[in-house]
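Colleague: The structure file data_38.txt (compact mmCIF, C-alpha atoms) is provided below.
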# COMPACT_ATOMS: atom_id res chain seq x y z
CA MET A 30 106.67 83.56 67.66
CA ASP A 31 103.82 83.97 70.15
CA ASP A 32 104.75 85.42 73.54
CA ALA A 33 103.00 82.47 75.19
CA ASP A 34 103.22 78.78 74.53
CA GLU A 35 99.82 77.22 74.09
CA GLY A 36 98.45 76.16 77.47
CA ARG A 37 101.54 77.38 79.33
CA GLY A 38 100.88 81.09 79.75
CA PRO A 39 103.22 84.01 78.98
CA ARG A 40 106.92 83.24 78.86
CA GLY A 41 109.13 84.82 81.50
CA ILE A 42 112.82 85.04 82.28
CA GLN A 43 113.68 82.01 84.36
CA SER A 44 116.70 83.54 86.08
CA ILE A 45 114.55 86.41 87.40
CA GLU A 46 111.97 83.97 88.69
CA VAL A 47 114.68 81.91 90.39
CA GLY A 48 116.31 84.94 91.98
CA GLY A 49 112.92 86.25 92.99
CA GLN A 50 112.60 83.34 95.41
CA LEU A 51 115.23 85.05 97.56
CA LEU A 52 113.14 88.23 97.72
CA LEU A 53 110.04 86.20 98.54
CA ALA A 54 111.90 84.47 101.38
CA LEU A 55 113.02 87.80 102.84
CA ALA A 56 109.50 89.21 102.57
CA HIS A 57 108.04 86.11 104.19
CA HIS A 58 110.39 86.13 107.20
CA GLY A 59 110.38 89.90 107.60
CA ARG A 60 113.91 90.07 109.01
CA PRO A 61 117.53 89.90 107.77
CA MET A 62 118.83 86.37 107.28
CA PRO A 63 122.24 84.68 106.95
CA LEU A 64 123.16 83.58 103.44
CA LYS A 65 122.89 79.88 104.30
CA ASP A 66 119.40 80.19 105.77
CA LEU A 67 118.18 82.49 103.02
CA ALA A 68 119.44 80.18 100.29
CA ARG A 69 117.80 77.19 101.95
CA GLU A 70 114.46 78.99 102.17
CA ALA A 71 114.73 79.87 98.47
CA GLY A 72 115.55 76.28 97.55
CA MET A 73 119.06 76.82 96.23
CA ALA A 74 122.70 76.43 97.24
CA PRO A 75 124.47 79.42 98.88
CA ALA A 76 126.94 79.59 95.98
CA LYS A 77 124.04 79.98 93.57
CA ALA A 78 122.22 82.50 95.75
CA HIS A 79 125.18 84.83 96.26
CA PRO A 80 125.43 86.28 92.70
CA TYR A 81 121.71 87.06 92.75
CA LEU A 82 122.11 88.88 96.08
CA VAL A 83 125.03 90.89 94.70
CA SER A 84 122.91 92.06 91.75
CA PHE A 85 119.90 92.78 93.97
CA GLY A 86 122.22 94.78 96.22
CA LYS A 87 123.37 96.95 93.33
CA LEU A 88 119.72 97.72 92.55
CA GLY A 89 118.85 98.48 96.17
CA LEU A 90 116.45 95.55 96.47
CA VAL A 91 118.69 93.86 99.05
CA GLU A 92 121.27 95.15 101.48
CA GLN A 93 123.82 93.34 103.64
CA GLU A 94 124.38 94.23 107.28
CA PRO A 95 128.03 95.30 107.76
CA GLY A 96 128.56 93.49 111.06
CA SER A 97 126.59 90.26 110.83
CA GLY A 98 126.67 89.84 107.05
CA ARG A 99 122.96 89.01 107.05
CA TYR A 100 120.83 90.01 104.06
CA GLY A 101 117.66 92.06 104.33
CA LEU A 102 115.37 94.02 102.05
CA GLY A 103 116.98 97.20 100.73
CA PRO A 104 115.76 100.78 100.32
CA LEU A 105 114.30 100.22 96.85
CA ALA A 106 112.25 97.26 98.08
CA LEU A 107 110.91 99.38 100.93
CA GLN A 108 110.13 102.26 98.59
CA LEU A 109 108.28 99.94 96.21
CA GLY A 110 106.29 98.58 99.14
CA LEU A 111 105.23 102.06 100.24
CA ILE A 112 104.23 103.04 96.70
CA SER A 113 102.23 99.82 96.40
CA LEU A 114 100.36 100.58 99.62
CA GLN A 115 99.61 104.12 98.46
CA GLN A 116 98.06 102.75 95.28
CA TYR A 117 95.81 100.36 97.17
CA ASP A 118 92.35 101.83 97.53
CA PRO A 119 90.51 99.51 99.97
CA VAL A 120 87.11 100.11 98.38
CA ARG A 121 88.42 99.49 94.86
CA LEU A 122 90.10 96.27 95.97
CA ALA A 123 87.08 95.10 97.95
CA THR A 124 84.43 95.75 95.29
CA PRO A 125 85.04 92.65 93.12
CA LEU A 126 85.40 90.55 96.30
CA ALA A 127 82.01 91.77 97.48
CA ASP A 128 80.45 90.82 94.14
CA GLU A 129 81.97 87.34 94.39
CA LEU A 130 80.77 86.94 97.99
CA ALA A 131 77.23 87.92 97.05
CA LEU A 132 77.13 85.32 94.29
CA ALA A 133 78.79 82.61 96.36
CA THR A 134 76.71 83.08 99.51
CA GLY A 135 73.40 84.20 98.04
CA HIS A 136 73.32 87.21 100.40
CA THR A 137 73.64 90.94 99.84
CA VAL A 138 77.12 92.23 100.69
CA ALA A 139 77.75 95.85 101.67
CA LEU A 140 81.01 97.76 102.06
CA ALA A 141 81.08 100.57 104.62
CA VAL A 142 83.70 103.13 105.64
CA TRP A 143 83.78 105.51 108.59
CA GLY A 144 82.37 108.86 107.52
CA ASN A 145 81.76 112.10 109.40
CA ARG A 146 78.30 110.83 110.42
CA GLY A 147 79.35 107.25 111.15
CA PRO A 148 79.49 103.98 109.19
CA THR A 149 78.58 104.85 105.61
CA ILE A 150 77.71 102.41 102.83
CA VAL A 151 79.92 102.94 99.77
CA ARG A 152 79.15 99.79 97.76
CA VAL A 153 76.29 97.28 97.68
CA ALA A 154 76.58 93.94 95.90
CA GLU A 155 73.09 92.55 95.50
CA ALA A 156 72.45 88.85 95.93
CA PRO A 157 70.50 86.91 93.28
CA SER A 158 67.50 87.26 95.63
CA PRO A 159 68.20 90.58 97.38
CA VAL A 160 66.94 91.24 100.88
CA HIS A 161 64.49 94.12 101.00
CA VAL A 162 66.36 96.64 103.11
CA ALA A 163 66.55 100.37 102.43
CA MET A 164 70.28 100.36 101.84
CA ARG A 165 72.10 102.19 99.09
CA HIS A 166 75.33 104.08 98.50
CA GLY A 167 75.60 106.86 101.05
CA THR A 168 73.33 105.24 103.64
CA VAL A 169 74.59 105.96 107.16
CA MET A 170 74.23 103.00 109.51
CA SER A 171 73.40 103.15 113.21
CA VAL A 172 76.45 102.70 115.45
CA ARG A 173 74.54 100.86 118.16
CA GLY A 174 71.98 99.11 115.98
CA THR A 175 73.88 97.44 113.11
CA ALA A 176 76.67 94.91 112.67
CA SER A 177 78.73 97.49 110.74
CA GLY A 178 78.20 100.00 113.53
CA TRP A 179 79.33 97.54 116.20
CA LEU A 180 82.40 96.74 114.13
CA PHE A 181 83.54 100.36 113.93
CA ALA A 182 82.60 101.00 117.55
CA ALA A 183 84.82 98.08 118.54
CA PHE A 184 87.88 98.89 116.42
CA HIS A 185 87.72 102.61 115.54
CA PRO A 186 89.28 105.19 117.90
CA ARG A 187 86.82 105.77 120.73
CA ALA A 188 87.27 109.54 120.62
CA GLU A 189 85.73 109.59 117.12
CA VAL A 190 82.98 107.12 117.94
CA ALA A 191 81.87 108.61 121.27
CA PRO A 192 80.04 111.70 119.91
CA LEU A 193 77.90 109.52 117.64
CA LEU A 194 77.22 107.03 120.42
CA ALA A 195 75.95 109.91 122.53
CA GLU A 196 73.37 110.75 119.86
CA GLU A 197 71.81 107.26 120.00
CA ALA A 198 69.82 105.73 122.83
CA PRO A 199 71.94 103.58 125.18
CA ALA A 200 71.70 99.85 124.61
CA PRO A 201 72.03 97.38 127.51
CA GLY A 202 75.14 95.22 127.30
CA PHE A 203 76.66 97.29 124.49
CA GLU A 204 80.20 97.28 125.87
CA ALA A 205 80.07 93.51 126.39
CA GLN A 206 78.98 93.14 122.77
CA LEU A 207 81.97 95.18 121.63
CA GLU A 208 84.31 92.95 123.62
CA GLU A 209 82.84 89.92 121.86
CA VAL A 210 83.35 91.63 118.49
CA ARG A 211 87.02 92.25 119.32
CA ARG A 212 87.50 88.69 120.55
CA ARG A 213 85.88 87.04 117.54
CA GLY A 214 86.94 89.51 114.87
CA LEU A 215 83.34 89.62 113.65
CA ALA A 216 80.14 91.47 114.45
CA ARG A 217 76.77 89.72 114.38
CA ALA A 218 73.28 91.22 114.39
CA VAL A 219 70.22 88.95 114.37
CA ASP A 220 66.80 90.58 114.04
CA LEU A 221 68.29 93.78 115.46
CA SER A 222 67.34 96.79 113.34
CA LEU A 223 64.73 94.93 111.31
CA PRO A 224 62.84 91.78 112.36
CA GLY A 225 63.66 88.90 110.04
CA VAL A 226 66.98 90.37 108.86
CA SER A 227 70.42 89.27 110.06
CA ALA A 228 73.97 90.37 109.31
CA LEU A 229 77.61 89.43 109.84
CA ALA A 230 80.37 92.02 109.45
CA ALA A 231 84.15 91.56 109.22
CA PRO A 232 86.78 94.31 109.55
CA VAL A 233 89.47 95.22 107.04
CA PHE A 234 92.63 96.74 108.53
CA ASP A 235 95.47 98.69 106.94
CA GLY A 236 99.19 98.39 107.60
CA ARG A 237 98.89 100.52 110.75
CA GLY A 238 96.24 98.23 112.19
CA ALA A 239 93.47 100.82 111.69
CA VAL A 240 90.07 99.58 110.53
CA VAL A 241 89.39 101.09 107.10
CA LEU A 242 86.41 99.09 105.89
CA SER A 243 83.70 96.72 106.97
CA ILE A 244 82.44 93.89 104.76
CA THR A 245 78.91 92.96 105.78
CA ALA A 246 76.74 90.08 104.59
CA ILE A 247 72.99 90.67 105.02
CA GLY A 248 70.11 88.27 104.50
CA PRO A 249 66.76 86.94 105.72
CA SER A 250 67.17 85.42 109.18
CA ALA A 251 65.31 82.28 108.11
CA THR A 252 68.04 81.36 105.62
CA PHE A 253 71.00 83.29 107.06
CA ASP A 254 73.77 81.27 108.71
CA SER A 255 74.67 83.49 111.68
CA ASP A 256 76.82 80.87 113.43
CA TRP A 257 80.10 82.41 114.59
CA ASP A 258 82.01 79.47 113.14
CA GLY A 259 79.71 78.67 110.23
CA PRO A 260 80.67 78.63 106.55
CA LEU A 261 79.41 82.18 105.97
CA ALA A 262 81.37 83.66 108.89
CA THR A 263 84.47 81.71 107.89
CA GLU A 264 84.32 82.89 104.28
CA LEU A 265 83.59 86.48 105.26
CA LYS A 266 86.56 86.57 107.61
CA ARG A 267 88.82 84.87 105.06
CA VAL A 268 88.05 87.56 102.48
CA ALA A 269 88.46 90.41 104.97
CA ASP A 270 91.75 89.04 106.33
CA GLY A 271 93.10 88.50 102.81
CA LEU A 272 92.27 92.08 101.87
CA SER A 273 93.85 93.34 105.11
CA ARG A 274 97.08 91.54 104.26
CA ARG A 275 97.11 93.16 100.84
CA LEU A 276 96.93 96.51 102.63
CA GLY A 277 99.94 95.65 104.79
CA TRP A 278 98.22 94.34 107.92
CA GLN A 279 99.85 91.54 109.89
CA PRO A 280 97.91 89.43 112.42
CA GLY A 281 98.80 90.18 116.02
Turn the structure described in the file into structure tokens.
Modeller:
Amino acid sequence: MDDADEGRGPRGIQSIEVGGQLLLALAHHGRPMPLKDLAREAGMAPAKAHPYLVSFGKLGLVEQEPGSGRYGLGPLALQLGLISLQQYDPVRLATPLADELALATGHTVALAVWGNRGPTIVRVAEAPSPVHVAMRHGTVMSVRGTASGWLFAAFHPRAEVAPLLAEEAPAPGFEAQLEEVRRRGLARAVDLSLPGVSALAAPVFDGRGAVVLSITAIGPSATFDSDWDGPLATELKRVADGLSRRLGWQPG
């Protein structure tokens, strides 16, 4: 017999899927919960939820507080979470997303990390009609003169950014621009480094709240939607925030 019914996908074990709703509820709330509340969030009666919690407790996926009796995630669940985070390479995870963004938006999308010489391009997803900018893997971007640079200057530790800032000519209003980047969660550069070229950059954070990656859309200013609240900015931020959550980041 096939391991998947036609049109219904692979078969699973229903009892595991049902019990898994309890783990999902605990992960969603992020705190220990009383049995009654936990069962309600998982869509089942307390009497049905309890045997699942007993089994999860034996495995270390769930543990019960001795005093309050509330249930929380156990040591195995925490260990699995840490292992999962260790396996997440931000660049590897972001690469297919950058390819999709380039196709969906029609703009070139670049991924940059903070290197020893500043923001460094590690991936470039070309648009169907690529913008003619000298940008390739290993290209180091200006801190003061690019959207990616502003992003890292705004969110990266200042002690690491300051030496590179000192090597570039001062720019009027630079600190005010960084405040706007922090407030909006995006960096925008219109006709900055190159006339006729614009860019929007969104940060990707890890579970510690450190910026680990910038996702930057680049295109001709004439056809580039640089509106802070436009469709391009909204989509860029949605992708970056989704990737940040996969890396353990929580808003606020």
Colleague: Using all atoms listed in the file, give me every residue within 12 Å of (121.8, 87.2, 94.5) in file coordinates, as a count of residues only.
Modeller: 36
Colleague: Between atom CA of A:His136 and atom CA of A:Gly248, what is the distance, to one decimal in Å?
Modeller: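 Atom-to-atom, atom CA of A:His136 and atom CA of A:Gly248 are spaced 5.3 Å apart.
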Colleague: Using only C-alpha atoms for the distances, tell me which of A:Gly144, A:Gly167, A:Pro280, A:Gly214 is nearest to A:Val190.
Modeller: A:Gly144
Colleague: Which of these residues is nearest to A:Val240, using all atoms listed in the file: A:Pro39, A:Pro95, A:Pro186, A:Pro63?
Modeller: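 So, comparing all the options, the nearest one is A:Pro186.
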Colleague: Could you state the separation of atom CA of A:Gly238 and atom CA of A:Gly271 in Å, given to one decimal place?
Modeller: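 According to the coordinates, atom CA of A:Gly238 and atom CA of A:Gly271 are separated by 13.9 Å.
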Colleague: I'd like to know which of A:Gly202, A:Arg165, A:Met170, A:Thr245 is closest to A:Ala127, using all atoms listed in the file.
Modeller: A:Thr245
Colleague: Between atom CA of A:Arg187 and atom CA of A:His166, what is the distance, to one decimal in Å?
Modeller: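 Atom CA of A:Arg187 sits 25.1 Å away from atom CA of A:His166.
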Colleague: Tell me which protein, DNA and RNA residues are within 10 Å of A:Leu122, counting only C-alpha atoms, leaving out same-chain ones fewer than 3 positions away, and put them as a ChimeraX atom specification.
Modeller: /A:117-119,125-127,272,275-276
Colleague: Identify, on the basis of all atoms listed in the file, every residue whose closest approach to stretch 249-260 of chain A does not exceed 10 Å; exclude the query and any residue fewer than 2 positions from it along the same chain; express the result as a count of residues only.
Modeller: 29
Colleague: Closest to A:Val153 among A:His185, A:Ile42, A:Ile244, A:Arg211, using all atoms listed in the file?
Modeller: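 Of A:His185, A:Ile42, A:Ile244, A:Arg211, the one nearest A:Val153, counting all atoms listed in the file, is A:Ile244.
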Colleague: Filtering to N, CA and C atoms, could stretch 127-162 of chain A of the supplied structure be written out as a PDB file, in the first residue's frame?
Modeller:
ATOM      1  N   ALA A 127      15.787  34.913  -1.271  1.00  0.00           N
ATOM      2  CA  ALA A 127      16.284  35.995  -2.123  1.00  0.00           C
ATOM      3  C   ALA A 127      15.943  35.728  -3.588  1.00  0.00           C
ATOM      4  N   ASP A 128      16.090  34.483  -4.013  1.00  0.00           N
ATOM      5  CA  ASP A 128      15.744  34.122  -5.393  1.00  0.00           C
ATOM      6  C   ASP A 128      14.259  34.389  -5.664  1.00  0.00           C
ATOM      7  N   GLU A 129      13.415  34.015  -4.707  1.00  0.00           N
ATOM      8  CA  GLU A 129      11.976  34.236  -4.862  1.00  0.00           C
ATOM      9  C   GLU A 129      11.647  35.724  -4.895  1.00  0.00           C
ATOM     10  N   LEU A 130      12.309  36.500  -4.042  1.00  0.00           N
ATOM     11  CA  LEU A 130      12.074  37.951  -4.011  1.00  0.00           C
ATOM     12  C   LEU A 130      12.464  38.600  -5.334  1.00  0.00           C
ATOM     13  N   ALA A 131      13.594  38.172  -5.879  1.00  0.00           N
ATOM     14  CA  ALA A 131      14.051  38.742  -7.150  1.00  0.00           C
ATOM     15  C   ALA A 131      13.038  38.489  -8.260  1.00  0.00           C
ATOM     16  N   LEU A 132      12.507  37.274  -8.302  1.00  0.00           N
ATOM     17  CA  LEU A 132      11.514  36.948  -9.325  1.00  0.00           C
ATOM     18  C   LEU A 132      10.204  37.685  -9.104  1.00  0.00           C
ATOM     19  N   ALA A 133       9.796  37.774  -7.832  1.00  0.00           N
ATOM     20  CA  ALA A 133       8.504  38.385  -7.526  1.00  0.00           C
ATOM     21  C   ALA A 133       8.510  39.898  -7.706  1.00  0.00           C
ATOM     22  N   THR A 134       9.637  40.536  -7.386  1.00  0.00           N
ATOM     23  CA  THR A 134       9.685  41.996  -7.421  1.00  0.00           C
ATOM     24  C   THR A 134      10.282  42.544  -8.706  1.00  0.00           C
ATOM     25  N   GLY A 135      11.053  41.714  -9.418  1.00  0.00           N
ATOM     26  CA  GLY A 135      11.710  42.203 -10.622  1.00  0.00           C
ATOM     27  C   GLY A 135      12.972  42.993 -10.339  1.00  0.00           C
ATOM     28  N   HIS A 136      13.460  42.939  -9.085  1.00  0.00           N
ATOM     29  CA  HIS A 136      14.673  43.666  -8.699  1.00  0.00           C
ATOM     30  C   HIS A 136      15.751  42.698  -8.224  1.00  0.00           C
ATOM     31  N   THR A 137      16.997  43.116  -8.377  1.00  0.00           N
ATOM     32  CA  THR A 137      18.106  42.331  -7.852  1.00  0.00           C
ATOM     33  C   THR A 137      18.041  42.334  -6.331  1.00  0.00           C
ATOM     34  N   VAL A 138      18.323  41.180  -5.720  1.00  0.00           N
ATOM     35  CA  VAL A 138      18.306  41.058  -4.265  1.00  0.00           C
ATOM     36  C   VAL A 138      19.667  40.551  -3.814  1.00  0.00           C
ATOM     37  N   ALA A 139      20.278  41.259  -2.861  1.00  0.00           N
ATOM     38  CA  ALA A 139      21.598  40.896  -2.362  1.00  0.00           C
ATOM     39  C   ALA A 139      21.525  40.576  -0.875  1.00  0.00           C
ATOM     40  N   LEU A 140      22.305  39.583  -0.467  1.00  0.00           N
ATOM     41  CA  LEU A 140      22.445  39.232   0.946  1.00  0.00           C
ATOM     42  C   LEU A 140      23.832  39.669   1.395  1.00  0.00           C
ATOM     43  N   ALA A 141      23.899  40.345   2.531  1.00  0.00           N
ATOM     44  CA  ALA A 141      25.185  40.822   3.046  1.00  0.00           C
ATOM     45  C   ALA A 141      25.322  40.465   4.517  1.00  0.00           C
ATOM     46  N   VAL A 142      26.537  40.147   4.925  1.00  0.00           N
ATOM     47  CA  VAL A 142      26.857  39.902   6.325  1.00  0.00           C
ATOM     48  C   VAL A 142      27.932  40.902   6.736  1.00  0.00           C
ATOM     49  N   TRP A 143      28.154  41.010   8.046  1.00  0.00           N
ATOM     50  CA  TRP A 143      29.194  41.905   8.536  1.00  0.00           C
ATOM     51  C   TRP A 143      30.528  41.175   8.517  1.00  0.00           C
ATOM     52  N   GLY A 144      31.458  41.659   7.709  1.00  0.00           N
ATOM     53  CA  GLY A 144      32.784  41.074   7.624  1.00  0.00           C
ATOM     54  C   GLY A 144      33.809  41.959   8.302  1.00  0.00           C
ATOM     55  N   ASN A 145      35.079  41.573   8.218  1.00  0.00           N
ATOM     56  CA  ASN A 145      36.111  42.355   8.906  1.00  0.00           C
ATOM     57  C   ASN A 145      36.369  43.694   8.230  1.00  0.00           C
ATOM     58  N   ARG A 146      35.850  43.890   7.019  1.00  0.00           N
ATOM     59  CA  ARG A 146      35.986  45.186   6.348  1.00  0.00           C
ATOM     60  C   ARG A 146      34.649  45.893   6.181  1.00  0.00           C
ATOM     61  N   GLY A 147      33.601  45.331   6.797  1.00  0.00           N
ATOM     62  CA  GLY A 147      32.289  45.957   6.726  1.00  0.00           C
ATOM     63  C   GLY A 147      31.254  45.070   6.065  1.00  0.00           C
ATOM     64  N   PRO A 148      30.120  45.643   5.641  1.00  0.00           N
ATOM     65  CA  PRO A 148      29.062  44.848   5.009  1.00  0.00           C
ATOM     66  C   PRO A 148      29.574  44.177   3.728  1.00  0.00           C
ATOM     67  N   THR A 149      29.467  42.866   3.677  1.00  0.00           N
ATOM     68  CA  THR A 149      30.052  42.110   2.570  1.00  0.00           C
ATOM     69  C   THR A 149      28.980  41.264   1.884  1.00  0.00           C
ATOM     70  N   ILE A 150      28.882  41.402   0.570  1.00  0.00           N
ATOM     71  CA  ILE A 150      27.899  40.649  -0.204  1.00  0.00           C
ATOM     72  C   ILE A 150      28.293  39.176  -0.257  1.00  0.00           C
ATOM     73  N   VAL A 151      27.354  38.303   0.123  1.00  0.00           N
ATOM     74  CA  VAL A 151      27.628  36.863   0.087  1.00  0.00           C
ATOM     75  C   VAL A 151      26.754  36.132  -0.930  1.00  0.00           C
ATOM     76  N   ARG A 152      25.657  36.736  -1.347  1.00  0.00           N
ATOM     77  CA  ARG A 152      24.799  36.144  -2.367  1.00  0.00           C
ATOM     78  C   ARG A 152      24.150  37.269  -3.167  1.00  0.00           C
ATOM     79  N   VAL A 153      23.989  37.034  -4.468  1.00  0.00           N
ATOM     80  CA  VAL A 153      23.275  37.977  -5.328  1.00  0.00           C
ATOM     81  C   VAL A 153      22.267  37.194  -6.161  1.00  0.00           C
ATOM     82  N   ALA A 154      21.004  37.565  -6.037  1.00  0.00           N
ATOM     83  CA  ALA A 154      19.944  36.962  -6.848  1.00  0.00           C
ATOM     84  C   ALA A 154      19.559  37.977  -7.914  1.00  0.00           C
ATOM     85  N   GLU A 155      19.914  37.687  -9.145  1.00  0.00           N
ATOM     86  CA  GLU A 155      19.663  38.638 -10.227  1.00  0.00           C
ATOM     87  C   GLU A 155      18.188  38.660 -10.614  1.00  0.00           C
ATOM     88  N   ALA A 156      17.702  39.852 -10.896  1.00  0.00           N
ATOM     89  CA  ALA A 156      16.347  40.013 -11.404  1.00  0.00           C
ATOM     90  C   ALA A 156      16.307  39.618 -12.873  1.00  0.00           C
ATOM     91  N   PRO A 157      15.097  39.411 -13.424  1.00  0.00           N
ATOM     92  CA  PRO A 157      15.003  39.111 -14.863  1.00  0.00           C
ATOM     93  C   PRO A 157      15.688  40.179 -15.716  1.00  0.00           C
ATOM     94  N   SER A 158      15.614  41.444 -15.287  1.00  0.00           N
ATOM     95  CA  SER A 158      16.331  42.534 -15.956  1.00  0.00           C
ATOM     96  C   SER A 158      17.263  43.164 -14.925  1.00  0.00           C
ATOM     97  N   PRO A 159      18.456  42.599 -14.749  1.00  0.00           N
ATOM     98  CA  PRO A 159      19.335  43.033 -13.660  1.00  0.00           C
ATOM     99  C   PRO A 159      19.791  44.471 -13.795  1.00  0.00           C
ATOM    100  N   VAL A 160      19.929  45.145 -12.653  1.00  0.00           N
ATOM    101  CA  VAL A 160      20.457  46.504 -12.653  1.00  0.00           C
ATOM    102  C   VAL A 160      21.967  46.414 -12.831  1.00  0.00           C
ATOM    103  N   HIS A 161      22.527  47.341 -13.579  1.00  0.00           N
ATOM    104  CA  HIS A 161      23.948  47.284 -13.894  1.00  0.00           C
ATOM    105  C   HIS A 161      24.749  47.974 -12.792  1.00  0.00           C
ATOM    106  N   VAL A 162      25.050  47.184 -11.763  1.00  0.00           N
ATOM    107  CA  VAL A 162      25.855  47.660 -10.645  1.00  0.00           C
ATOM    108  C   VAL A 162      26.978  46.661 -10.426  1.00  0.00           C
TER     109      VAL A 162
END
